[in-house]
Protein chains: 2
Amino acid sequence: MRRAVTIKHVAAEAGVSLQTVSRVINNEPNVRPVVQERVRAAVAKLGYVPSLAARRMGGSRSYLLMALNDRDRTIEGWKSGEGTDWVDQMLMGGMLKCESHGYRMIFELVDTHSDHVDRAVRAALAALHPDGVILTPPHSENPAITGLLSQLGLPFARIASIAEGDGFAVSMDDAEAAAHATDHLLSLGHRRVGFVTGSPQYAVSDARLSGYRAAMSASPHGLDETLIGRGDFSYESGVAAVDALLDLPSPPTAVVCSNDRMALAAIRTAQRRGLSTPSDLSVVSFDNTPLARFADMTAVIQPVAEMSAVAADLLIRFKAGETDLPSQSRVAFGFAPRGSTAPPRSGGSR
Amino acid sequence: MRRAVTIKHVAAEAGVSLQTVSRVINNEPNVRPVVQERVRAAVAKLGYVPSLAARRMGGSRSYLLMALNDRDRTIEGWKSGEGTDWVDQMLMGGMLKCESHGYRMIFELVDTHSDHVDRAVRAALAALHPDGVILTPPHSENPAITGLLSQLGLPFARIASIAEGDGFAVSMDDAEAAAHATDHLLSLGHRRVGFVTGSPQYAVSDARLSGYRAAMSASPHGLDETLIGRGDFSYESGVAAVDALLDLPSPPTAVVCSNDRMALAAIRTAQRRGLSTPSDLSVVSFDNTPLARFADMTAVIQPVAEMSAVAADLLIRFKAGETDLPSQSRVAFGFAPRGSTAPPRSGGSR
DNA sequence: CTGTTAGCGCGTTCAA
DNA sequence: TTGAACGCGCTAACAG
């Protein structure tokens, strides 16, 4: 096995010192263009690429970003194969962004609810020494983790978290998205539009609910609190919530669900009761996962890839010494109208 | 920011030399149980975790495994959001296995067809110095990559590759799986069972075809080569192949497709022609992706997670000095009977 | 069985 | 503007 080419070889090839090569590699000032060119040529010729491990040892950067996901949720998602492509989207956004900066992203799974969160996170940090950490829900709102990172002075980003606090918050406007989804239904002619909430554990749940409330209040039909069903993001909770809504004396003709599984539950529950979608019940989902696509559900698109890309970008730039980085970033949400929404059967009046 | 705890601190705490701590950490022999215990206590007390970067610098291992995926295919999959959960399954299998050995898995995307494959792979290797590389299709059969790794003496595993050659081949028995799928249809009473091949670029395509041929030849109805349609894994190719099969004077009543997209194409094509699944055309898919699950397709399950786990395990054990590791590993395939297969409408006879 | 010495490939701090 | 010396945290090779 040929020995790897190191900065030494490049220095020798270019006839300069190690240091000069280092400066060129890192785009530091104080190198004459001529010398710079000579070094670059040597780098190209030898195919030199600096070793991340050595860089981390000598310098202050590891060129590593750590993405922290919830262990149980992630593994369960993989096992069930429900195709929630959250991880894929994170990789696409975060990893590609890292790549373009010479960084790598490493995935770590940690239990949010474990007593050992602290120890687990510390261990991962000690092993990897990442330059920054990207937190996804529910970690992004777990004080045990955000507190630890703050205390350690390690830069981190909170994805889909709107709470104030340390770290870069990167989110989409959940309230506005919920309002948009609601307006979509209203503009189709629906008067009674229901809503199924997510788990109160997640801050986004509140935001979505308030967006729905705002849209309904602003509509001529007004807000009717009885049209709000409580869910917790699980399929079962969706079934229960929608059953309750449809049991109402004056049931909704359309419903906005706080995620895809509950939206699917809505469709199936309606079906079980002899109602069909979209003619009897229009349904909007809040996640554009493969499930939503296959089930042809109109959905709010969470820009997971973009959020991770922004998160990675912020952390990298912060580590590079940039200042005046926004502590709160909003990424535009998307909306995909599909076959699960249509005007109400009788034109909106009963 | 508190300084990280290093091996030095542990050595001081335990009152031994650095080297002794290192030995204990790495489970090396020649340490008295008493001392070992003392060191372990110090490690626990201080919450010490060795730095991967430093280990790589000093020693011969980096505790990193690199998973090499095809760039275009992967990104396209993520973008289309078709929910092909190959990456997820790889992570689940490989990453969790790595984790249990103190390793990490890093994802890298490289263009198979690029002229720069060589350069791209070399760059990734130089930056990361992984202890091993996991190759997925089509990389696992790309001589530009396998050759480079062989030449570099870097251990690697080829997932879903059955070709002879360097590196650990980890695969499922595609031929047997295809035979199983075919037998499933035969045992339901189908006599004319068709087959849609995958792209000949992939070795598994041949294996699947030969399994189909074997099963048909062994059946009382015999093998009919005209029932074999040529596809390339794309939806469009599936449409074309199935259209051709259904145009036959005596068309098949069931078909085994070499992947999920073509299986979906089969169902939709039949539908377009006024045939319904499974009553008029039974369909078996060869991938158990979310798409197959949502479309309720009977499918062969590729044990992607298990294959990556085995691959990671082999590489880690190899690096740890274990010998007599199998150069070819077979992982059992799975089979999920669902709603896309049923007995033929007229009991199998026309 | 244990400790000492010498790097690994870089970035950082200084001096030139 | 450039270069030399030093050390990061760890393991390998050796000495005791």
# chains A, B, ... in the order shown; residues from 1 in each chain; ligands from 1
>>> residues_around(residues="region 4-14 of chain C", least_positions_apart="5", cutoff="10 Å", atoms="only C-alpha atoms (C1' of nucleotides)", output="PDB file with C-alpha atoms (C1' of nucleotides), in the first residue's frame")
ATOM      1  CA  THR A   6       0.931  14.479   2.873  1.00  0.00           C
ATOM      2  CA  ILE A   7       1.500  18.147   3.100  1.00  0.00           C
ATOM      3  CA  LYS A   8       5.210  17.396   3.227  1.00  0.00           C
ATOM      4  CA  LEU A  18       4.955  23.099   4.994  1.00  0.00           C
ATOM      5  CA  GLN A  19       3.529  26.262   6.337  1.00  0.00           C
ATOM      6  CA  SER A  22      -1.004  25.077   4.717  1.00  0.00           C
ATOM      7  CA  ARG A  23      -1.677  28.723   4.047  1.00  0.00           C
ATOM      8  CA  PRO A  50      -5.558  17.122   3.703  1.00  0.00           C
ATOM      9  CA  SER A  51      -6.407  14.549   6.326  1.00  0.00           C
ATOM     10  CA  LEU A  52      -9.365  15.505   8.448  1.00  0.00           C
ATOM     11  CA  ALA A  53      -7.943  13.718  11.449  1.00  0.00           C
ATOM     12  CA  ALA A  54      -4.660  15.560  11.276  1.00  0.00           C
ATOM     13  CA  ARG A  55      -6.387  18.865  10.772  1.00  0.00           C
ATOM     14  CA  ARG A  56      -8.458  18.285  13.828  1.00  0.00           C
ATOM     15  CA  MET A  57      -5.362  17.346  15.840  1.00  0.00           C
ATOM     16  CA  GLY A  58      -3.324  20.324  14.924  1.00  0.00           C
ATOM     17  CA  GLY A  59      -5.921  22.939  14.442  1.00  0.00           C
ATOM     18  CA  SER A  60      -9.130  24.038  15.932  1.00  0.00           C
ATOM     19  CA  ARG A  61     -11.522  22.600  13.408  1.00  0.00           C
TER      20      ARG A  61
ATOM     21  CA  SER B  17       1.157   5.333  32.363  1.00  0.00           C
ATOM     22  CA  GLN B  19       0.203   3.153  27.626  1.00  0.00           C
ATOM     23  CA  ALA B  54      -6.124  11.009  17.651  1.00  0.00           C
ATOM     24  CA  ARG B  55      -6.497   7.267  17.377  1.00  0.00           C
ATOM     25  CA  ARG B  56      -6.220   7.500  13.668  1.00  0.00           C
ATOM     26  CA  MET B  57      -3.133   9.683  13.946  1.00  0.00           C
ATOM     27  CA  GLY B  58      -1.238   7.461  16.277  1.00  0.00           C
ATOM     28  CA  GLY B  59      -2.507   4.055  15.384  1.00  0.00           C
ATOM     29  CA  SER B  60      -3.375   2.105  12.347  1.00  0.00           C
TER      30      SER B  60
ATOM     31  C1'  DA D   4      11.135  26.516  12.084  1.00  0.00           C
ATOM     32  C1'  DA D   5       9.727  24.627  16.274  1.00  0.00           C
ATOM     33  C1'  DC D   6       6.189  22.810  19.017  1.00  0.00           C
ATOM     34  C1'  DG D   7       2.243  20.178  20.419  1.00  0.00           C
ATOM     35  C1'  DC D   8      -2.549  18.104  19.636  1.00  0.00           C
ATOM     36  C1'  DC D  10      -3.056   8.563  20.709  1.00  0.00           C
ATOM     37  C1'  DT D  11      -0.641   3.963  19.481  1.00  0.00           C
ATOM     38  C1'  DA D  12       3.590   1.222  17.961  1.00  0.00           C
ATOM     39  C1'  DA D  13       7.908  -0.376  19.067  1.00  0.00           C
ATOM     40  C1'  DC D  14      10.812  -1.009  22.249  1.00  0.00           C
ATOM     41  C1'  DA D  15      12.960  -1.244  26.894  1.00  0.00           C
ATOM     42  C1'  DG D  16      12.759  -2.568  31.477  1.00  0.00           C
TER      43       DG D  16
END
>>> residues_around(residues="Ser285 (chain A)", least_positions_apart="2", cutoff="6 Å", atoms="only C-alpha atoms (C1' of nucleotides)", output="ChimeraX atom specification")
/A:257,259-260,263,287,299
>>> write_last_selection(atoms="N, CA and C atoms", output="short mmCIF file (atom, residue, chain, number, x, y, z; two decimals), in the first residue's frame")
data_model
loop_
_atom_site.label_atom_id
_atom_site.label_comp_id
_atom_site.auth_asym_id
_atom_site.auth_seq_id
_atom_site.Cartn_x
_atom_site.Cartn_y
_atom_site.Cartn_z
N CYS A 257 -54.73 17.96 8.82
CA CYS A 257 -54.11 17.08 9.81
C CYS A 257 -52.65 17.48 9.98
N ASN A 259 -50.01 15.86 10.49
CA ASN A 259 -48.97 15.08 9.80
C ASN A 259 -49.60 14.06 8.86
N ASP A 260 -48.75 13.31 8.18
CA ASP A 260 -49.25 12.44 7.12
C ASP A 260 -49.99 11.21 7.64
N ALA A 263 -53.35 12.13 8.55
CA ALA A 263 -54.14 12.44 7.36
C ALA A 263 -54.63 11.14 6.72
N ASP A 287 -47.23 16.70 6.05
CA ASP A 287 -45.89 16.23 5.68
C ASP A 287 -45.97 15.68 4.28
N ALA A 299 -50.72 18.23 0.42
CA ALA A 299 -49.86 18.32 1.60
C ALA A 299 -49.04 19.59 1.68
#
>>> select_by_dssp(residues="region 2-74 of chain A", states="alpha helix (DSSP H)", output="PyMOL selection string")
chain A and resi 7-14+18-25+33-46+52-58+71-74
>>> residues_around(residues="Glu13 (chain A)", least_positions_apart="5", cutoff="10 Å", atoms="only C-alpha atoms (C1' of nucleotides)", output="list in words")
Ile7, Lys8, Arg38, Val39, Ala41, Ala42, Val43, Lys45 and Leu46 of chain A
>>> atom_distance(atom1="CA of Val5 (chain B)", atom2="CA of Gly102 (chain B)")
17.9 Å
>>> atom_distance(atom1="CA of Ile267 (chain A)", atom2="CA of Ala254 (chain A)")
10.5 Å
>>> atom_distance(atom1="CA of Leu135 (chain B)", atom2="CA of Cys98 (chain A)")
21.4 Å
>>> closest_atom_pairs(of="chain B", to="chain A", cutoff="7 Å", atoms="only C-alpha atoms", output="Markdown table")
| residue | atom | partner | partner_atom | distance |
| --- | --- | --- | --- | --- |
| B:Met1 | CA | A:Leu152 | CA | 5.2 |
| B:Arg2 | CA | A:Leu152 | CA | 6.8 |
| B:Val49 | CA | A:Ala126 | CA | 5.8 |
| B:Pro50 | CA | A:Ala127 | CA | 5.8 |
| B:Ser51 | CA | A:Ala127 | CA | 4.3 |
| B:Leu52 | CA | A:Ala127 | CA | 5.4 |
| B:Ala53 | CA | A:Ala53 | CA | 4.5 |
| B:Ala54 | CA | A:Met57 | CA | 6.6 |
| B:Arg56 | CA | A:Ala53 | CA | 6.8 |
| B:Met57 | CA | A:Ala54 | CA | 6.6 |
| B:Ile75 | CA | A:Met92 | CA | 7.0 |
| B:Trp78 | CA | A:Asp88 | CA | 6.3 |
| B:Gly81 | CA | A:Pro290 | CA | 6.1 |
| B:Glu82 | CA | A:Pro290 | CA | 6.0 |
| B:Gly83 | CA | A:Pro290 | CA | 5.3 |
| B:Asp85 | CA | A:Gly83 | CA | 6.6 |
| B:Asp88 | CA | A:Trp78 | CA | 6.3 |
| B:Gln89 | CA | A:Trp78 | CA | 6.6 |
| B:Met92 | CA | A:Trp78 | CA | 6.9 |
| B:Ile106 | CA | A:Ile106 | CA | 6.3 |
| B:Ala123 | CA | A:Val49 | CA | 5.9 |
| B:Ala126 | CA | A:Val49 | CA | 5.8 |
| B:Ala127 | CA | A:Ser51 | CA | 4.4 |
| B:Leu128 | CA | A:Leu52 | CA | 6.2 |
| B:Leu152 | CA | A:Met1 | CA | 5.1 |
| B:Gly153 | CA | A:Met1 | CA | 5.6 |
| B:Pro290 | CA | A:Gly83 | CA | 5.4 |
| B:Phe294 | CA | A:Phe294 | CA | 6.7 |
>>> residues_around(residues="Arg345 (chain A)", least_positions_apart="2", cutoff="12 Å", atoms="only C-alpha atoms (C1' of nucleotides)", output="list in words")
Leu188, Gly189, His190, Arg191, Thr253, Ala254, Leu275, Ser276, Thr277, Pro278, Ser279, Asp280, Leu281, Ser282, Thr341, Ala342, Pro343, Gly347, Gly348, Ser349 and Arg350 of chain A
>>> select_by_dssp(residues="region 10-89 of chain B", states="strand (DSSP E)", output="list in words")
Leu64, Leu65, Met66, Ala67, Leu68, Asn69 and Asp70 of chain B
>>> residues_around(residues="DA16 (chain C)", least_positions_apart="4", cutoff="12 Å", atoms="only C-alpha atoms (C1' of nucleotides)", output="short mmCIF file (atom, residue, chain, number, x, y, z; two decimals) with C-alpha atoms (C1' of nucleotides), in the first residue's frame")
data_model
loop_
_atom_site.label_atom_id
_atom_site.label_comp_id
_atom_site.auth_asym_id
_atom_site.auth_seq_id
_atom_site.Cartn_x
_atom_site.Cartn_y
_atom_site.Cartn_z
"C1'" DT D 1 5.99 37.28 3.16
"C1'" DT D 2 8.05 32.98 4.70
"C1'" DG D 3 9.95 29.31 7.70
"C1'" DA D 4 11.14 26.52 12.08
#
